[in-house]
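A.B. asks: Structure file entry11.tsv, TSV, C-alpha atoms and all ligand atoms, is pasted below:
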```
chain	number	residue	atom	x	y	z
A	1	MET	CA	0.27	-49.44	-81.80
A	2	LEU	CA	-0.58	-49.80	-78.09
A	3	GLY	CA	-3.13	-52.60	-77.71
A	4	ASP	CA	-4.21	-54.33	-74.50
A	5	ARG	CA	-0.80	-55.93	-74.21
A	6	GLY	CA	1.14	-52.72	-74.69
A	7	HIS	CA	3.31	-52.13	-77.74
A	8	TYR	CA	2.92	-54.83	-80.41
A	9	LEU	CA	6.68	-55.32	-80.50
A	10	GLU	CA	6.80	-55.89	-76.75
A	11	ALA	CA	4.04	-58.50	-77.04
A	12	GLU	CA	5.85	-60.10	-79.97
A	13	LEU	CA	9.10	-60.22	-78.00
A	14	GLN	CA	7.35	-61.84	-75.06
A	15	ASP	CA	5.97	-64.55	-77.37
A	16	LEU	CA	9.39	-64.99	-78.89
A	17	VAL	CA	11.03	-65.45	-75.47
A	18	ARG	CA	8.48	-68.19	-74.75
A	19	SER	CA	8.84	-69.98	-78.05
A	20	ASP	CA	12.52	-69.56	-78.84
A	21	SER	CA	15.09	-70.36	-76.13
A	22	GLY	CA	17.78	-68.56	-78.18
A	23	ILE	CA	16.10	-65.25	-77.38
A	24	PHE	CA	16.30	-65.82	-73.64
A	25	GLU	CA	19.93	-66.86	-74.04
A	26	PHE	CA	20.70	-63.64	-75.84
A	27	LEU	CA	18.93	-61.44	-73.27
A	28	GLN	CA	20.56	-62.95	-70.23
A	29	SER	CA	24.05	-62.99	-71.67
A	30	ALA	CA	24.09	-59.74	-73.62
A	31	ALA	CA	21.97	-57.33	-71.62
A	32	LEU	CA	23.27	-57.95	-68.11
A	33	ASP	CA	26.46	-58.52	-66.16
A	34	GLY	CA	24.82	-61.34	-64.28
A	35	LEU	CA	21.51	-63.07	-63.81
A	36	TRP	CA	20.55	-65.17	-60.82
A	37	TYR	CA	17.52	-67.20	-59.86
A	38	TRP	CA	17.25	-68.29	-56.27
A	39	ASP	CA	15.09	-71.00	-54.75
A	40	VAL	CA	13.74	-69.27	-51.66
A	41	GLU	CA	12.05	-72.47	-50.46
A	42	ASP	CA	15.32	-74.38	-50.66
A	43	PRO	CA	17.80	-71.52	-50.30
A	44	GLU	CA	20.95	-73.49	-50.92
A	45	HIS	CA	20.06	-73.69	-54.57
A	46	GLU	CA	20.67	-70.79	-56.83
A	47	TRP	CA	21.38	-70.73	-60.53
A	48	MET	CA	23.70	-68.03	-61.84
A	49	ASN	CA	24.38	-67.46	-65.52
A	50	ASP	CA	27.86	-67.37	-67.07
A	51	ALA	CA	28.04	-63.56	-67.16
A	52	PHE	CA	27.55	-63.55	-63.37
A	53	TRP	CA	30.73	-65.54	-62.83
A	54	LEU	CA	32.75	-63.97	-65.61
A	55	THR	CA	32.16	-60.51	-64.11
A	56	PHE	CA	33.98	-61.71	-61.00
A	57	GLY	CA	36.74	-63.46	-62.92
A	58	HIS	CA	35.56	-67.02	-62.26
A	59	ASP	CA	35.18	-69.90	-64.68
A	60	PRO	CA	31.42	-70.67	-64.70
A	61	ARG	CA	32.19	-74.37	-65.18
A	62	SER	CA	33.87	-74.52	-61.79
A	63	LYS	CA	30.71	-73.45	-59.97
A	64	GLN	CA	28.11	-75.53	-58.12
A	65	HIS	CA	25.24	-72.98	-58.23
A	66	ARG	CA	24.96	-72.71	-54.49
A	67	ALA	CA	23.96	-69.58	-52.56
A	68	ASP	CA	27.05	-69.72	-50.36
A	69	GLU	CA	29.19	-69.26	-53.47
A	70	TRP	CA	28.11	-65.64	-53.87
A	71	GLN	CA	27.70	-65.04	-50.16
A	72	SER	CA	31.37	-65.74	-49.62
A	73	MET	CA	32.37	-63.30	-52.39
A	74	ILE	CA	30.24	-60.31	-51.48
A	75	HIS	CA	31.49	-57.73	-48.98
A	76	PRO	CA	30.10	-58.74	-45.53
A	77	ASP	CA	28.59	-55.29	-44.89
A	78	ASP	CA	26.83	-55.38	-48.24
A	79	LEU	CA	25.61	-58.93	-47.67
A	80	GLU	CA	23.87	-57.62	-44.58
A	81	VAL	CA	22.22	-54.81	-46.53
A	82	ALA	CA	21.16	-57.21	-49.29
A	83	LEU	CA	19.65	-59.69	-46.83
A	84	ARG	CA	17.83	-56.91	-45.01
A	85	ASN	CA	16.36	-55.68	-48.30
A	86	PHE	CA	15.48	-59.25	-49.22
A	87	GLU	CA	13.49	-59.70	-45.99
A	88	ALA	CA	11.74	-56.37	-46.45
A	89	HIS	CA	10.94	-57.09	-50.10
A	90	CYS	CA	9.53	-60.54	-49.22
A	91	ALA	CA	7.28	-58.99	-46.58
A	92	ASP	CA	6.23	-56.09	-48.79
A	93	PRO	CA	6.54	-56.26	-52.60
A	94	SER	CA	6.59	-52.47	-52.83
A	95	HIS	CA	9.90	-52.38	-50.94
A	96	PRO	CA	12.50	-52.51	-53.73
A	97	TYR	CA	15.25	-55.07	-53.74
A	98	ASP	CA	17.83	-52.72	-55.26
A	99	GLN	CA	21.29	-51.94	-53.88
A	100	ILE	CA	24.86	-51.22	-54.81
A	101	VAL	CA	27.16	-53.89	-53.44
A	102	ARG	CA	30.83	-54.77	-53.58
A	103	TYR	CA	32.08	-58.16	-54.72
A	104	ARG	CA	35.62	-59.46	-54.55
A	105	HIS	CA	37.01	-60.23	-58.00
A	106	LYS	CA	39.14	-63.37	-58.28
A	107	SER	CA	42.17	-61.09	-58.70
A	108	GLY	CA	41.41	-59.44	-55.35
A	109	SER	CA	40.06	-56.17	-56.74
A	110	THR	CA	36.60	-54.82	-55.96
A	111	VAL	CA	33.74	-55.12	-58.42
A	112	TRP	CA	30.90	-52.67	-57.80
A	113	VAL	CA	27.53	-54.08	-58.75
A	114	ARG	CA	24.05	-52.67	-58.82
A	115	CYS	CA	21.95	-55.64	-57.80
A	116	ARG	CA	18.21	-55.64	-58.42
A	117	GLY	CA	15.74	-58.41	-57.83
A	118	MET	CA	12.11	-59.38	-57.55
A	119	ALA	CA	10.38	-62.15	-55.67
A	120	ILE	CA	8.28	-64.64	-57.61
A	121	ARG	CA	5.32	-65.47	-55.36
A	122	ASP	CA	2.76	-68.25	-55.04
A	123	GLU	CA	-0.98	-67.65	-55.06
A	124	HIS	CA	-0.85	-66.59	-51.38
A	125	GLY	CA	1.81	-64.00	-52.07
A	126	ARG	CA	4.53	-66.09	-50.43
A	127	PRO	CA	7.90	-65.78	-52.17
A	128	LYS	CA	9.00	-68.98	-53.91
A	129	ARG	CA	11.89	-67.67	-55.96
A	130	MET	CA	14.00	-64.56	-56.29
A	131	LEU	CA	15.01	-63.39	-59.74
A	132	GLY	CA	17.91	-60.97	-59.82
A	133	ALA	CA	20.05	-58.98	-62.21
A	134	HIS	CA	23.53	-57.49	-61.89
A	135	THR	CA	24.92	-54.38	-63.56
A	136	ASP	CA	28.66	-53.85	-63.24
A	137	ILE	CA	29.22	-50.18	-62.32
A	138	THR	CA	32.91	-50.49	-61.39
A	139	SER	CA	34.14	-48.10	-64.08
A	140	LEU	CA	31.65	-45.46	-62.92
A	141	LYS	CA	32.82	-45.91	-59.34
A	142	ILE	CA	36.45	-45.52	-60.36
A	143	VAL	CA	35.70	-42.24	-62.13
A	144	GLU	CA	33.68	-41.08	-59.12
A	145	GLU	CA	36.50	-41.91	-56.72
A	146	SER	CA	39.19	-40.21	-58.79
A	147	LEU	CA	37.00	-37.14	-59.19
A	148	ARG	CA	36.51	-37.00	-55.45
A	149	ALA	CA	40.24	-37.39	-54.82
A	150	ALA	CA	41.05	-34.66	-57.35
A	151	LEU	CA	38.56	-32.29	-55.73
A	152	ALA	CA	39.92	-33.00	-52.27
A	153	SER	CA	43.53	-32.38	-53.29
A	154	ASN	CA	42.56	-29.21	-55.13
A	155	GLU	CA	40.80	-27.93	-52.05
A	156	GLU	CA	43.81	-28.77	-49.91
A	157	LEU	CA	46.09	-26.92	-52.30
A	158	GLU	CA	43.88	-23.85	-52.20
A	159	GLN	CA	43.79	-23.94	-48.46
A	160	PHE	CA	47.57	-24.22	-48.46
A	161	ALA	CA	48.03	-21.26	-50.82
A	162	TYR	CA	45.68	-19.20	-48.70
A	163	VAL	CA	47.33	-20.00	-45.38
A	164	ALA	CA	50.86	-19.71	-46.76
A	165	SER	CA	50.27	-16.34	-48.38
A	166	HIS	CA	48.41	-15.08	-45.35
A	167	ASP	CA	51.10	-16.15	-42.87
A	168	LEU	CA	54.01	-15.02	-45.04
A	169	ARG	CA	52.86	-11.44	-44.92
A	170	GLU	CA	53.75	-10.88	-41.29
A	171	PRO	CA	57.48	-11.82	-41.34
A	172	LEU	CA	57.85	-10.02	-44.65
A	173	ARG	CA	56.41	-6.87	-43.11
A	174	THR	CA	59.07	-7.11	-40.40
A	175	VAL	CA	61.86	-7.46	-42.96
A	176	SER	CA	60.61	-4.44	-44.92
A	177	ALA	CA	60.16	-2.36	-41.79
A	178	TYR	CA	63.72	-3.04	-40.60
A	179	LEU	CA	65.16	-2.37	-44.03
A	180	ASP	CA	63.38	0.99	-43.99
A	181	LEU	CA	64.74	1.72	-40.50
A	182	LEU	CA	68.22	0.84	-41.62
A	183	GLU	CA	67.94	3.15	-44.57
A	184	VAL	CA	66.50	6.06	-42.61
A	185	LYS	CA	68.31	5.83	-39.28
A	186	CYS	CA	71.72	4.50	-40.25
A	187	SER	CA	72.07	6.12	-43.62
A	188	ASP	CA	75.01	8.31	-42.51
A	189	GLU	CA	76.99	5.42	-41.12
A	190	LEU	CA	76.61	3.30	-44.24
A	191	SER	CA	78.86	3.23	-47.25
A	192	GLU	CA	77.51	3.82	-50.73
A	193	GLU	CA	77.90	0.13	-51.40
A	194	ALA	CA	75.89	-0.89	-48.32
A	195	ARG	CA	73.11	1.52	-49.28
A	196	GLY	CA	73.04	-0.12	-52.69
A	197	TYR	CA	72.57	-3.53	-51.07
A	198	ILE	CA	69.75	-2.22	-48.93
A	199	SER	CA	68.01	-0.77	-51.92
A	200	VAL	CA	68.18	-4.08	-53.79
A	201	ALA	CA	66.90	-5.92	-50.71
A	202	THR	CA	64.05	-3.43	-50.32
A	203	GLU	CA	63.05	-3.88	-53.94
A	204	GLY	CA	63.09	-7.68	-53.47
A	205	ALA	CA	60.89	-7.40	-50.41
A	206	ARG	CA	58.43	-5.18	-52.29
A	207	LYS	CA	58.25	-7.63	-55.12
A	208	MET	CA	57.61	-10.46	-52.71
A	209	GLN	CA	54.87	-8.44	-51.06
A	210	ARG	CA	53.19	-7.98	-54.43
A	211	LEU	CA	53.44	-11.69	-55.21
A	212	ILE	CA	52.06	-12.67	-51.85
A	213	SER	CA	49.14	-10.30	-51.94
A	214	GLY	CA	48.41	-11.51	-55.48
A	215	LEU	CA	48.46	-15.10	-54.33
A	216	LEU	CA	46.18	-14.19	-51.46
A	217	ARG	CA	43.78	-12.47	-53.84
A	218	TYR	CA	43.86	-15.49	-56.12
A	219	SER	CA	43.13	-18.01	-53.40
A	220	ARG	CA	40.47	-15.79	-51.86
A	221	ILE	CA	38.33	-16.05	-54.99
A	222	ALA	CA	37.49	-19.57	-53.91
A	223	ALA	CA	37.32	-18.78	-50.21
A	224	VAL	CA	34.74	-16.02	-50.64
A	225	THR	CA	31.21	-17.29	-50.30
A	226	GLU	CA	29.50	-16.57	-53.52
A	227	ALA	CA	27.08	-13.71	-53.38
A	228	LYS	CA	25.54	-13.87	-56.83
A	229	GLY	CA	23.05	-11.29	-57.96
A	230	ALA	CA	22.35	-8.78	-60.67
A	231	VAL	CA	25.52	-6.93	-61.62
A	232	ASP	CA	25.33	-3.86	-63.82
A	233	THR	CA	28.49	-4.17	-65.89
A	234	GLN	CA	28.22	-0.57	-67.08
A	235	ALA	CA	28.60	0.56	-63.47
A	236	ALA	CA	31.36	-2.02	-62.93
A	237	VAL	CA	33.37	-0.58	-65.85
A	238	GLU	CA	32.83	2.97	-64.63
A	239	SER	CA	34.04	2.16	-61.15
A	240	ALA	CA	37.03	0.27	-62.56
A	241	LEU	CA	37.96	3.30	-64.65
A	242	ALA	CA	37.59	5.56	-61.62
A	243	ASP	CA	40.03	3.34	-59.71
A	244	LEU	CA	42.43	3.45	-62.65
A	245	ASP	CA	42.30	7.22	-62.87
A	246	ALA	CA	46.03	7.75	-62.34
A	247	LEU	CA	46.98	5.21	-65.00
A	248	LEU	CA	44.33	6.60	-67.32
A	249	ARG	CA	45.77	10.11	-67.10
A	250	GLU	CA	49.38	9.01	-67.27
A	251	SER	CA	48.80	6.90	-70.38
A	252	GLY	CA	46.50	9.40	-72.08
A	253	ALA	CA	44.13	6.52	-72.86
A	254	GLU	CA	40.91	7.03	-74.73
A	255	VAL	CA	38.22	4.58	-73.59
A	256	GLU	CA	35.00	3.99	-75.49
A	257	VAL	CA	32.34	2.03	-73.63
A	258	ALA	CA	29.24	0.77	-75.47
A	259	ALA	CA	25.95	0.09	-73.67
A	260	LEU	CA	26.65	-2.81	-71.32
A	261	PRO	CA	24.22	-5.36	-69.87
A	262	VAL	CA	23.27	-6.70	-66.46
A	263	VAL	CA	24.81	-10.09	-65.69
A	264	LEU	CA	24.43	-12.64	-62.93
A	265	GLY	CA	27.42	-12.72	-60.65
A	266	ASP	CA	29.46	-11.43	-57.78
A	267	GLU	CA	29.76	-7.66	-58.06
A	268	VAL	CA	33.19	-7.29	-56.45
A	269	GLN	CA	34.69	-10.09	-58.53
A	270	ILE	CA	33.25	-8.83	-61.81
A	271	SER	CA	34.56	-5.32	-61.17
A	272	GLN	CA	37.93	-6.94	-60.56
A	273	VAL	CA	37.77	-8.60	-64.00
A	274	PHE	CA	37.19	-5.29	-65.77
A	275	GLN	CA	39.77	-3.50	-63.69
A	276	ASN	CA	42.55	-6.00	-64.42
A	277	VAL	CA	41.88	-6.24	-68.15
A	278	LEU	CA	41.50	-2.45	-68.53
A	279	ALA	CA	44.68	-1.83	-66.53
A	280	ASN	CA	46.61	-4.17	-68.83
A	281	ALA	CA	45.18	-2.44	-71.90
A	282	MET	CA	46.69	0.80	-70.60
A	283	LYS	CA	49.94	-0.70	-69.29
A	284	PHE	CA	50.91	-2.70	-72.35
A	285	ARG	CA	50.55	0.22	-74.75
A	286	ALA	CA	52.63	0.81	-77.83
A	287	SER	CA	55.43	3.35	-77.52
A	288	ASP	CA	54.25	5.51	-80.43
A	289	ARG	CA	50.54	6.00	-79.66
A	290	PRO	CA	48.27	6.47	-76.67
A	291	PRO	CA	45.97	3.57	-75.77
A	292	CYS	CA	42.64	3.43	-77.53
A	293	ILE	CA	40.34	0.97	-75.74
A	294	ARG	CA	36.88	-0.27	-76.75
A	295	VAL	CA	34.55	-2.16	-74.43
A	296	ARG	CA	31.56	-3.98	-75.91
A	297	ALA	CA	29.10	-6.77	-75.15
A	298	GLU	CA	27.08	-9.06	-77.38
A	299	ARG	CA	24.36	-11.47	-76.36
A	300	ASP	CA	25.10	-15.12	-77.09
A	301	GLU	CA	22.11	-17.22	-75.96
A	302	THR	CA	22.22	-17.43	-72.16
A	303	MET	CA	25.54	-15.60	-71.95
A	304	TRP	CA	26.92	-12.17	-72.67
A	305	ARG	CA	30.19	-12.02	-74.56
A	306	PHE	CA	32.33	-9.04	-73.57
A	307	SER	CA	35.28	-7.77	-75.53
A	308	ILE	CA	37.92	-5.28	-74.48
A	309	ALA	CA	40.04	-4.29	-77.44
A	310	ASP	CA	43.24	-2.25	-77.27
A	311	ASN	CA	45.80	-0.96	-79.78
A	312	GLY	CA	48.80	-1.90	-77.64
A	313	ILE	CA	51.86	-4.08	-78.14
A	314	GLY	CA	49.84	-7.25	-78.79
A	315	ILE	CA	50.65	-10.81	-77.75
A	316	GLU	CA	52.45	-13.50	-79.73
A	317	PRO	CA	50.18	-16.49	-80.53
A	318	HIS	CA	52.33	-18.95	-78.54
A	319	ALA	CA	51.59	-16.96	-75.36
A	320	HIS	CA	47.80	-16.73	-75.72
A	321	GLU	CA	47.25	-19.54	-73.22
A	322	ARG	CA	50.22	-18.89	-70.99
A	323	ILE	CA	49.30	-15.36	-69.98
A	324	PHE	CA	46.29	-16.72	-68.07
A	325	GLN	CA	48.45	-18.94	-65.89
A	326	ILE	CA	49.48	-17.79	-62.47
A	327	PHE	CA	52.89	-16.01	-62.26
A	328	GLN	CA	53.32	-16.10	-66.04
A	329	ARG	CA	54.27	-12.83	-67.64
A	330	LEU	CA	55.87	-11.89	-70.92
A	331	ASP	CA	56.78	-8.41	-69.83
A	332	THR	CA	60.16	-8.00	-68.20
A	333	THR	CA	59.50	-4.80	-66.24
A	334	PRO	CA	59.64	-5.37	-62.50
A	335	GLU	CA	56.16	-4.07	-61.63
A	336	GLY	CA	53.64	-6.79	-62.54
A	337	SER	CA	53.20	-10.03	-60.69
A	338	GLY	CA	51.64	-12.19	-63.40
A	339	ILE	CA	48.54	-12.74	-61.29
A	340	GLY	CA	46.09	-10.27	-62.82
A	341	LEU	CA	44.92	-12.48	-65.68
A	342	ALA	CA	45.01	-15.66	-63.56
A	343	VAL	CA	42.58	-13.94	-61.19
A	344	VAL	CA	40.44	-12.82	-64.14
A	345	ARG	CA	40.28	-16.29	-65.63
A	346	ARG	CA	39.45	-17.85	-62.31
A	347	ILE	CA	36.58	-15.45	-61.69
A	348	VAL	CA	35.19	-15.96	-65.20
A	349	HIS	CA	35.38	-19.75	-64.80
A	350	ARG	CA	33.68	-19.58	-61.43
A	351	HIS	CA	30.83	-17.76	-63.14
A	352	GLY	CA	30.55	-20.50	-65.75
A	353	GLY	CA	32.14	-18.39	-68.49
A	354	ARG	CA	35.10	-18.69	-70.88
A	355	ILE	CA	37.95	-16.32	-71.57
A	356	TRP	CA	40.40	-15.98	-74.44
A	357	VAL	CA	42.51	-13.45	-76.27
A	358	GLU	CA	42.74	-12.53	-79.92
A	359	SER	CA	45.73	-10.48	-80.95
A	360	VAL	CA	47.93	-9.24	-83.73
A	361	PRO	CA	51.42	-8.59	-82.30
A	362	GLY	CA	52.34	-4.95	-82.73
A	363	GLN	CA	48.75	-3.90	-83.40
A	364	GLY	CA	46.74	-4.74	-80.32
A	365	SER	CA	44.85	-7.34	-78.32
A	366	THR	CA	41.20	-8.11	-77.71
A	367	PHE	CA	40.32	-9.91	-74.50
A	368	CYS	CA	36.98	-11.72	-74.75
A	369	PHE	CA	35.04	-13.38	-71.95
A	370	THR	CA	31.53	-14.61	-71.32
A	371	LEU	CA	29.36	-14.14	-68.25
A	372	PRO	CA	25.85	-15.45	-67.61
A	373	ALA	CA	22.99	-13.11	-68.47
A	374	HIS	CA	20.77	-12.05	-65.61
A	375	GLU	CA	17.45	-13.72	-66.37
A	376	GLU	CA	15.16	-11.01	-65.05
A	377	GLU	CA	16.95	-8.49	-67.19
A	378	HIS	CA	14.15	-8.26	-69.75
A	379	ALA	CA	11.32	-8.90	-67.32
A	401	LIG	P1	51.02	-8.63	-64.96
A	401	LIG	O1	50.24	-7.55	-65.63
A	401	LIG	O2	51.09	-8.50	-63.50
A	401	LIG	O3	52.31	-8.94	-65.60
A	401	LIG	P2	48.86	-10.30	-65.91
A	401	LIG	O4	48.45	-11.66	-65.46
A	401	LIG	O5	47.86	-9.21	-65.78
A	401	LIG	O6	50.17	-9.96	-65.11
A	401	LIG	O7	49.33	-10.41	-67.41
A	401	LIG	C1	50.22	-11.42	-67.80
A	401	LIG	C2	51.03	-10.99	-69.01
A	401	LIG	O8	50.17	-10.93	-70.14
A	401	LIG	C3	51.62	-9.61	-68.90
A	401	LIG	O9	52.85	-9.67	-68.25
A	401	LIG	C4	51.75	-9.20	-70.35
A	401	LIG	O10	52.94	-9.71	-70.88
A	401	LIG	C5	50.59	-9.89	-71.04
A	401	LIG	N1	49.45	-9.00	-71.28
A	401	LIG	C6	48.32	-8.87	-70.53
A	401	LIG	N2	47.47	-7.98	-71.06
A	401	LIG	C7	48.05	-7.51	-72.19
A	401	LIG	C8	47.63	-6.58	-73.19
A	401	LIG	N3	46.46	-5.92	-73.16
A	401	LIG	N4	48.48	-6.36	-74.24
A	401	LIG	C9	49.66	-7.03	-74.31
A	401	LIG	N5	50.10	-7.92	-73.40
A	401	LIG	C10	49.30	-8.19	-72.35
```
Translate this file's structure into structure tokens.

C.D. replies:
Amino acid sequence: MLGDRGHYLEAELQDLVRSDSGIFEFLQSAALDGLWYWDVEDPEHEWMNDAFWLTFGHDPRSKQHRADEWQSMIHPDDLEVALRNFEAHCADPSHPYDQIVRYRHKSGSTVWVRCRGMAIRDEHGRPKRMLGAHTDITSLKIVEESLRAALASNEELEQFAYVASHDLREPLRTVSAYLDLLEVKCSDELSEEARGYISVATEGARKMQRLISGLLRYSRIAAVTEAKGAVDTQAAVESALADLDALLRESGAEVEVAALPVVLGDEVQISQVFQNVLANAMKFRASDRPPCIRVRAERDETMWRFSIADNGIGIEPHAHERIFQIFQRLDTTPEGSGIGLAVVRRIVHRHGGRIWVESVPGQGSTFCFTLPAHEEEHA
């Protein structure tokens, strides 16, 4: 279908544009947010189509088709860029006339336009006319700006959480230390009631310490520079279980670990994921049976899907999302801080994975998450 003139439909369209003015009308009004045609030899004259004016909120009938009409609407900095590109393009056709510029809408708002053009030259290569086209990219720019603002405020918040949790540790240490001193050194002078107060205060300080170190751990996930490499998840699970030895013995848990793969990630963070989920599987056990935990992995295209199933107390469906949020816990015992799963989710997300829970209350829970496969694994 490709003859000397390219595709037959392209050739046909070119003929049609020449013979039928309706086709040109359609192209210039439907395909672009503005078309302009400038007389370089007599630069006051410039024809702009209706779409050009409508994009900027002006009634096309009110316009004189003069170059100063657009030059007074474009941002002065961008006018400079456009004129510089115009000069360069006139001198050298291979220099593109293509830039993103800001126009002032009649309402005062900014319209972002990608403006492209080409010089029409005489037989000596001297530009006679400039033909140009506008594409309104304002909506793209708005999305870009709001994305940038959201990222900046998120970063600020993380920085804040990090600094706050870091700096709060010191005064809290002092409070705890003096409470301990009071308890040890002045115990004889204190009434039973006063000792009770101290014990409640000490417990509060401990809880705060746990919350703060959790918050610090959580905000550090982002602060740590990512050191991604091959991570043997089998070894990660083994080391997590070694760290959980006390809990393992105390709960009488039976843990069955299938063959586990190598993934691409940060070794310390991935071990943390296994450790937190395994610890929960032992902590939230049913009262009438020891924990029975199964760890497995299945390949799912470029990812590995891990599952850690327990036979514990289970989680009500309404809480399946909530448990992954920071400081959210369902358990009412004083120990936890509600940060473990928030940390886990954050790490999984930072590795490009997903995490969710499946559970039958009273029977057990299965935590599932995906991590990227390490590509050289089968090499
Ligand atoms: P924490 O363990 O410090 O309370 P987590 O973020 O690790 O915080 O867990 C949040 C909540 O999710 C827990 O308080 C608990 O109610 C629930 N949960 C987590 N894992 C399990 C599990 N394996 N079985 C039942 N409930 C769980």

A.B. asks: Give me, as a PDB file with C-alpha atoms, keeping the file's coordinate frame, all polymer residues having an atom no more than 12 Å from Val237 (chain A), counting all atoms listed in the file and skipping those fewer than 3 positions away in the same chain.

C.D. replies:
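Result saved to selection-v5.pdb:
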```
ATOM      1  CA  VAL A 231      25.520  -6.930 -61.620  1.00  0.00           C
ATOM      2  CA  ASP A 232      25.330  -3.860 -63.820  1.00  0.00           C
ATOM      3  CA  THR A 233      28.490  -4.170 -65.890  1.00  0.00           C
ATOM      4  CA  GLN A 234      28.220  -0.570 -67.080  1.00  0.00           C
ATOM      5  CA  ALA A 240      37.030   0.270 -62.560  1.00  0.00           C
ATOM      6  CA  LEU A 241      37.960   3.300 -64.650  1.00  0.00           C
ATOM      7  CA  ALA A 242      37.590   5.560 -61.620  1.00  0.00           C
ATOM      8  CA  ASP A 243      40.030   3.340 -59.710  1.00  0.00           C
ATOM      9  CA  LEU A 244      42.430   3.450 -62.650  1.00  0.00           C
ATOM     10  CA  VAL A 255      38.220   4.580 -73.590  1.00  0.00           C
ATOM     11  CA  GLU A 256      35.000   3.990 -75.490  1.00  0.00           C
ATOM     12  CA  VAL A 257      32.340   2.030 -73.630  1.00  0.00           C
ATOM     13  CA  ALA A 258      29.240   0.770 -75.470  1.00  0.00           C
ATOM     14  CA  ALA A 259      25.950   0.090 -73.670  1.00  0.00           C
ATOM     15  CA  LEU A 260      26.650  -2.810 -71.320  1.00  0.00           C
ATOM     16  CA  PRO A 261      24.220  -5.360 -69.870  1.00  0.00           C
ATOM     17  CA  VAL A 262      23.270  -6.700 -66.460  1.00  0.00           C
ATOM     18  CA  GLU A 267      29.760  -7.660 -58.060  1.00  0.00           C
ATOM     19  CA  VAL A 268      33.190  -7.290 -56.450  1.00  0.00           C
ATOM     20  CA  ILE A 270      33.250  -8.830 -61.810  1.00  0.00           C
ATOM     21  CA  SER A 271      34.560  -5.320 -61.170  1.00  0.00           C
ATOM     22  CA  GLN A 272      37.930  -6.940 -60.560  1.00  0.00           C
ATOM     23  CA  VAL A 273      37.770  -8.600 -64.000  1.00  0.00           C
ATOM     24  CA  PHE A 274      37.190  -5.290 -65.770  1.00  0.00           C
ATOM     25  CA  GLN A 275      39.770  -3.500 -63.690  1.00  0.00           C
ATOM     26  CA  ASN A 276      42.550  -6.000 -64.420  1.00  0.00           C
ATOM     27  CA  VAL A 277      41.880  -6.240 -68.150  1.00  0.00           C
ATOM     28  CA  LEU A 278      41.500  -2.450 -68.530  1.00  0.00           C
ATOM     29  CA  ALA A 279      44.680  -1.830 -66.530  1.00  0.00           C
ATOM     30  CA  ARG A 294      36.880  -0.270 -76.750  1.00  0.00           C
ATOM     31  CA  VAL A 295      34.550  -2.160 -74.430  1.00  0.00           C
ATOM     32  CA  ARG A 296      31.560  -3.980 -75.910  1.00  0.00           C
ATOM     33  CA  ALA A 297      29.100  -6.770 -75.150  1.00  0.00           C
ATOM     34  CA  PHE A 306      32.330  -9.040 -73.570  1.00  0.00           C
ATOM     35  CA  ILE A 308      37.920  -5.280 -74.480  1.00  0.00           C
TER      36      ILE A 308
END
```

A.B. asks: Mind listing the residues within 6 Å of ligand LIG 401 (chain A), all atoms listed in the file counted, as an MDAnalysis selection string?

C.D. replies: chainID A and resid 280:281 284 312:315 323 328:331 336:342 365

A.B. asks: CA of Val357 (chain A) and CA of Lys283 (chain A) are how many Å apart?

C.D. replies: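 Spanning CA of Val357 (chain A) to CA of Lys283 (chain A) is a straight-line distance of 16.3 Å.
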
A.B. asks: For CA of Asn311 (chain A) and CA of Pro291 (chain A), determine how far apart the two atoms are, in Å to one decimal place.

C.D. replies: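 Separation of CA of Asn311 (chain A) and CA of Pro291 (chain A): 6.1 Å.
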
A.B. asks: What separation in Å, quoted to one decimal, exists between CA of His89 (chain A) and CA of Arg66 (chain A)?

C.D. replies: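 So the answer is 21.4 Å.
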
A.B. asks: Give me region 169-174 of chain A from this structure - N, CA, C and O atoms, as an mmCIF file, in the first residue's frame.

C.D. replies:
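As a result, decode.cif now contains:
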```cif
data_model
loop_
_atom_site.group_PDB
_atom_site.id
_atom_site.type_symbol
_atom_site.label_atom_id
_atom_site.label_comp_id
_atom_site.auth_asym_id
_atom_site.auth_seq_id
_atom_site.Cartn_x
_atom_site.Cartn_y
_atom_site.Cartn_z
ATOM 1 N N ARG A 169 13.158 10.932 71.921
ATOM 2 C CA ARG A 169 13.736 9.837 72.698
ATOM 3 C C ARG A 169 14.536 10.325 73.904
ATOM 4 O O ARG A 169 14.476 9.738 74.968
ATOM 5 N N GLU A 170 15.268 11.415 73.697
ATOM 6 C CA GLU A 170 16.168 11.885 74.738
ATOM 7 C C GLU A 170 15.415 12.310 76.010
ATOM 8 O O GLU A 170 15.662 11.777 77.090
ATOM 9 N N PRO A 171 14.458 13.272 75.919
ATOM 10 C CA PRO A 171 13.738 13.651 77.136
ATOM 11 C C PRO A 171 12.983 12.481 77.760
ATOM 12 O O PRO A 171 12.880 12.392 78.989
ATOM 13 N N LEU A 172 12.510 11.576 76.937
ATOM 14 C CA LEU A 172 11.785 10.434 77.477
ATOM 15 C C LEU A 172 12.718 9.532 78.293
ATOM 16 O O LEU A 172 12.344 9.004 79.341
ATOM 17 N N ARG A 173 13.943 9.385 77.790
ATOM 18 C CA ARG A 173 14.942 8.610 78.514
ATOM 19 C C ARG A 173 15.157 9.209 79.909
ATOM 20 O O ARG A 173 15.269 8.496 80.900
ATOM 21 N N THR A 174 15.216 10.539 79.954
ATOM 22 C CA THR A 174 15.418 11.214 81.241
ATOM 23 C C THR A 174 14.252 10.913 82.188
ATOM 24 O O THR A 174 14.447 10.586 83.366
#
```
